[in-house]
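The structure under discussion appears below in the form of structure tokens.
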Amino acid sequence: MQAGHATREQVMAWLDEVADPEIPVISVVDLGIVRDVAFDGDECVVTITPTYSGCPAMQVIAESVTAQLNKHGIAKVRLATRLAPAWTTDWMSDAGKAALKRYGIAPPAQQAIDISGLSRRLAPEPDVACPHCGSMHTALVSQFGSTACKALYKCLDCREPFDYFKSH
């Protein structure tokens with residue numbers, strides 16, 4: 001136990017309360033961008049991988065992570081950015097995917113990386129379930145939704161449009 005006697009598990013639990021600023025129903029932990037927590041003496045080192053290198057939310061996330069840990073008595077926080085391996089939707093937790101669905105965003109429908117982790121899949125467009133009614137009778141409207149990481153779909157049964165968090 002370092003950094004004010006906090007454990008890695010406690011820090012991860014505190015960080016699980018930090019919401020993603022673009023999709024506030026999912027935490028930075030459930031999104032999979034918090035890669036590691038370690039202690040270097042009295043400093044807590046949080047390693048993060050942005051969802052993409054130009055993510056405009058990273059500054060807000062860094063400030064929120066630091067504020068959250070300061071609130072719990074960890075005075076020294078250092079964020080380390082790890083760009084490799086690149087973030088993938090495979091790192092999202094099941095709880096995070098369920099939160100997206102409850103919010104009206106269809107979670108990734110397939111894995112982005114094969115089991116060996118050596119190559120990306122070149123699969124056809126996935127079958128995407130409507131997060132509103134559960135129907136698989138959906139259609140792609142646009143490759144880009146409200147953000148670049150989402151596509152716009154519509155349900156052909158309930159007629160509701162929805163974002164789909166693309167696998168990548």
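Chain labels run A, B, ... following the order of the structure tokens; each chain numbers its residues from 1, and ligands are numbered from 1 in the order shown.
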
| task | Please report, as a ChimeraX atom specification, each residue of chain A to which DSSP assigns strand (DSSP E) when run on this structure's backbone. | result | /A:34-40,43-48,76-81,105-106,138-142,150-155,161-165

| task | DSSP on the backbone, then: every residue of segment 7-149 of chain A marked alpha helix (DSSP H), written as a PyMOL selection string. | result | chain A and resi 8-15+28-31+58-71+94-103

| message | Please list as a PyMOL selection string every residue within 12 Å of Cys55 of chain A, counting only C-alpha atoms and excluding residues in the same chain fewer than 2 positions away. | response | chain A and resi 20-22+33+49-53+57-62+83+87+147-149

Take the residues from that selection and put them in a file with N, CA and C atoms, as a PDB file, in the first residue's frame.
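Output (out.pdb):
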```
ATOM      1  N   ASP A  20     -17.061   8.962 -18.806  1.00  0.00           N
ATOM      2  CA  ASP A  20     -16.536   9.452 -20.066  1.00  0.00           C
ATOM      3  C   ASP A  20     -17.294  10.742 -20.390  1.00  0.00           C
ATOM      4  N   PRO A  21     -16.589  11.827 -20.735  1.00  0.00           N
ATOM      5  CA  PRO A  21     -17.298  13.093 -20.974  1.00  0.00           C
ATOM      6  C   PRO A  21     -18.183  13.095 -22.227  1.00  0.00           C
ATOM      7  N   GLU A  22     -17.908  12.222 -23.190  1.00  0.00           N
ATOM      8  CA  GLU A  22     -18.733  12.184 -24.400  1.00  0.00           C
ATOM      9  C   GLU A  22     -19.939  11.259 -24.258  1.00  0.00           C
ATOM     10  N   ILE A  33     -10.202   2.500 -21.237  1.00  0.00           N
ATOM     11  CA  ILE A  33      -9.048   3.360 -21.488  1.00  0.00           C
ATOM     12  C   ILE A  33      -8.083   3.404 -20.306  1.00  0.00           C
ATOM     13  N   THR A  49      -5.005   4.700 -22.307  1.00  0.00           N
ATOM     14  CA  THR A  49      -4.890   4.619 -23.754  1.00  0.00           C
ATOM     15  C   THR A  49      -6.111   5.311 -24.335  1.00  0.00           C
ATOM     16  N   PRO A  50      -5.912   6.415 -25.067  1.00  0.00           N
ATOM     17  CA  PRO A  50      -7.065   7.112 -25.643  1.00  0.00           C
ATOM     18  C   PRO A  50      -7.757   6.246 -26.689  1.00  0.00           C
ATOM     19  N   THR A  51      -9.046   6.494 -26.877  1.00  0.00           N
ATOM     20  CA  THR A  51      -9.794   5.729 -27.869  1.00  0.00           C
ATOM     21  C   THR A  51      -9.255   5.965 -29.267  1.00  0.00           C
ATOM     22  N   TYR A  52      -8.696   7.127 -29.510  1.00  0.00           N
ATOM     23  CA  TYR A  52      -7.902   7.386 -30.717  1.00  0.00           C
ATOM     24  C   TYR A  52      -6.972   8.549 -30.395  1.00  0.00           C
ATOM     25  N   SER A  53      -5.891   8.659 -31.136  1.00  0.00           N
ATOM     26  CA  SER A  53      -4.819   9.594 -30.771  1.00  0.00           C
ATOM     27  C   SER A  53      -5.250  11.049 -30.730  1.00  0.00           C
ATOM     28  N   ALA A  57     -11.479  14.492 -25.869  1.00  0.00           N
ATOM     29  CA  ALA A  57     -11.911  14.342 -24.477  1.00  0.00           C
ATOM     30  C   ALA A  57     -10.771  14.003 -23.518  1.00  0.00           C
ATOM     31  N   MET A  58      -9.582  13.729 -24.033  1.00  0.00           N
ATOM     32  CA  MET A  58      -8.501  13.255 -23.163  1.00  0.00           C
ATOM     33  C   MET A  58      -8.097  14.266 -22.091  1.00  0.00           C
ATOM     34  N   GLN A  59      -8.114  15.542 -22.399  1.00  0.00           N
ATOM     35  CA  GLN A  59      -7.753  16.545 -21.393  1.00  0.00           C
ATOM     36  C   GLN A  59      -8.779  16.533 -20.256  1.00  0.00           C
ATOM     37  N   VAL A  60     -10.050  16.469 -20.607  1.00  0.00           N
ATOM     38  CA  VAL A  60     -11.110  16.423 -19.593  1.00  0.00           C
ATOM     39  C   VAL A  60     -10.992  15.136 -18.778  1.00  0.00           C
ATOM     40  N   ILE A  61     -10.712  14.031 -19.437  1.00  0.00           N
ATOM     41  CA  ILE A  61     -10.551  12.755 -18.731  1.00  0.00           C
ATOM     42  C   ILE A  61      -9.373  12.841 -17.757  1.00  0.00           C
ATOM     43  N   ALA A  62      -8.252  13.386 -18.207  1.00  0.00           N
ATOM     44  CA  ALA A  62      -7.075  13.518 -17.342  1.00  0.00           C
ATOM     45  C   ALA A  62      -7.393  14.365 -16.113  1.00  0.00           C
ATOM     46  N   LEU A  83       0.118   4.494 -26.196  1.00  0.00           N
ATOM     47  CA  LEU A  83      -0.556   4.457 -27.493  1.00  0.00           C
ATOM     48  C   LEU A  83      -0.508   3.085 -28.159  1.00  0.00           C
ATOM     49  N   TRP A  87      -6.036   1.386 -28.593  1.00  0.00           N
ATOM     50  CA  TRP A  87      -7.296   1.034 -27.927  1.00  0.00           C
ATOM     51  C   TRP A  87      -8.217   0.311 -28.907  1.00  0.00           C
ATOM     52  N   THR A 147     -20.414  10.818 -33.302  1.00  0.00           N
ATOM     53  CA  THR A 147     -18.961  10.943 -33.225  1.00  0.00           C
ATOM     54  C   THR A 147     -18.368   9.974 -34.245  1.00  0.00           C
ATOM     55  N   ALA A 148     -17.085  10.127 -34.533  1.00  0.00           N
ATOM     56  CA  ALA A 148     -16.445   9.288 -35.547  1.00  0.00           C
ATOM     57  C   ALA A 148     -16.420   7.811 -35.162  1.00  0.00           C
ATOM     58  N   CYS A 149     -16.493   7.507 -33.866  1.00  0.00           N
ATOM     59  CA  CYS A 149     -16.433   6.111 -33.429  1.00  0.00           C
ATOM     60  C   CYS A 149     -17.794   5.420 -33.497  1.00  0.00           C
TER      61      CYS A 149
END
```

| request: Would you please work out which residue, of A:Ile48, A:Leu15, A:Ala6, A:Leu156, is nearest to Pro85 of chain A when using only C-alpha atoms? | output: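 The answer is A:Ile48, which sits nearest to Pro85 of chain A.
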
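Reported to one decimal place, the separation of atom CA of Ile105 of chain A from atom CA of Gln10 of chain A is 29.3 Å.
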
| request: Tell me, in Å to one decimal, how far atom CA of Gln143 of chain A is from atom CA of Ala109 of chain A. | output: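 These atoms are spaced 14.9 Å apart.
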
| Selected residue, from A:Ser135, A:Glu125, A:Gly145, A:Lys97, that lies nearest to Arg159 of chain A when counting only C-alpha atoms | A:Ser135

| query | Skipping near chain neighbours, those fewer than 4 positions away, what residues fall within 12 Å of Phe144 of chain A using only C-alpha atoms, listed as a list in words? | reply |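 That gives Leu140, Ala148, Cys149, Lys150, Ala151, Leu152, Tyr153, Phe162, Asp163, Tyr164, Phe165 and Lys166 of chain A.
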
| said: What's around Cys155 of chain A at 12 Å? Count only C-alpha atoms, leave out sequence neighbours fewer than 2 positions away in its own chain, and write the answer as a ChimeraX atom specification. | reply: /A:104,106,127-141,152-153,157-164

| request: Have a look at atom CA of Glu63 of chain A and atom CA of Ile23 of chain A and let me know their distance in Å, one decimal. | output: 16.4 Å

| Between A:Lys101, A:Gly54, A:Val11, A:Lys154, which one has atoms that come closest to Asn70 of chain A, using only C-alpha atoms? |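 With only C-alpha atoms as the atom set, the closest residue is A:Val11.
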
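Candidate residues A:Gly41, A:Pro56, A:Gly73, A:Pro108 were compared for distance to Thr88 of chain A, and the nearest is A:Pro108, using only C-alpha atoms.
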
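Using only C-alpha atoms, the nearest neighbour of Gln110 of chain A within the list A:His168, A:Lys71, A:Arg35, A:Arg78 is A:His168.
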
| Closest of A:Glu9, A:Ala75, A:Asp16, A:Ala98 to Val28 of chain A - atom-to-atom distances counting only C-alpha atoms | A:Asp16

Could you give me, as an mmCIF file with N, CA, C and O atoms, in the first residue's frame, the residues within 9 Å of Ile74 of chain A, counting only C-alpha atoms and dropping anything in the same chain fewer than 3 positions from it?
```cif
data_model
loop_
_atom_site.group_PDB
_atom_site.id
_atom_site.type_symbol
_atom_site.label_atom_id
_atom_site.label_comp_id
_atom_site.auth_asym_id
_atom_site.auth_seq_id
_atom_site.Cartn_x
_atom_site.Cartn_y
_atom_site.Cartn_z
ATOM 1 N N ALA A 3 0.893 5.594 -1.680
ATOM 2 C CA ALA A 3 0.046 6.747 -2.034
ATOM 3 C C ALA A 3 -1.135 6.895 -1.088
ATOM 4 O O ALA A 3 -2.286 6.811 -1.477
ATOM 5 N N GLY A 4 -0.826 7.106 0.181
ATOM 6 C CA GLY A 4 -1.889 7.313 1.156
ATOM 7 C C GLY A 4 -2.579 6.027 1.549
ATOM 8 O O GLY A 4 -3.718 6.041 1.953
ATOM 9 N N ALA A 6 -3.693 3.615 -0.227
ATOM 10 C CA ALA A 6 -4.706 3.117 -1.153
ATOM 11 C C ALA A 6 -4.144 1.888 -1.865
ATOM 12 O O ALA A 6 -2.948 1.770 -2.067
ATOM 13 N N ASP A 42 5.095 7.737 -3.335
ATOM 14 C CA ASP A 42 3.820 8.348 -2.933
ATOM 15 C C ASP A 42 3.033 8.884 -4.131
ATOM 16 O O ASP A 42 2.042 9.581 -3.973
ATOM 17 N N GLU A 43 3.463 8.529 -5.340
ATOM 18 C CA GLU A 43 2.786 8.966 -6.556
ATOM 19 C C GLU A 43 1.976 7.814 -7.153
ATOM 20 O O GLU A 43 2.471 6.698 -7.283
ATOM 21 N N CYS A 44 0.745 8.104 -7.524
ATOM 22 C CA CYS A 44 -0.113 7.122 -8.190
ATOM 23 C C CYS A 44 0.008 7.351 -9.695
ATOM 24 O O CYS A 44 -0.240 8.460 -10.187
ATOM 25 N N THR A 66 -7.519 12.904 -12.195
ATOM 26 C CA THR A 66 -6.709 13.548 -11.151
ATOM 27 C C THR A 66 -7.600 14.070 -10.028
ATOM 28 O O THR A 66 -7.309 13.846 -8.845
ATOM 29 N N GLN A 68 -10.582 13.071 -9.136
ATOM 30 C CA GLN A 68 -11.190 11.956 -8.412
ATOM 31 C C GLN A 68 -10.202 11.374 -7.400
ATOM 32 O O GLN A 68 -10.560 11.099 -6.254
ATOM 33 N N LEU A 69 -8.959 11.189 -7.815
ATOM 34 C CA LEU A 69 -7.975 10.617 -6.895
ATOM 35 C C LEU A 69 -7.579 11.615 -5.821
ATOM 36 O O LEU A 69 -7.389 11.219 -4.663
ATOM 37 N N ASN A 70 -7.482 12.896 -6.153
ATOM 38 C CA ASN A 70 -7.222 13.926 -5.144
ATOM 39 C C ASN A 70 -8.329 13.925 -4.092
ATOM 40 O O ASN A 70 -8.050 14.046 -2.890
ATOM 41 N N LYS A 71 -9.574 13.773 -4.547
ATOM 42 C CA LYS A 71 -10.729 13.748 -3.637
ATOM 43 C C LYS A 71 -10.614 12.615 -2.616
ATOM 44 O O LYS A 71 -11.063 12.733 -1.490
ATOM 45 N N VAL A 77 -0.589 12.527 -8.542
ATOM 46 C CA VAL A 77 -1.123 11.679 -9.606
ATOM 47 C C VAL A 77 -0.349 11.996 -10.883
ATOM 48 O O VAL A 77 -0.175 13.159 -11.234
#
```
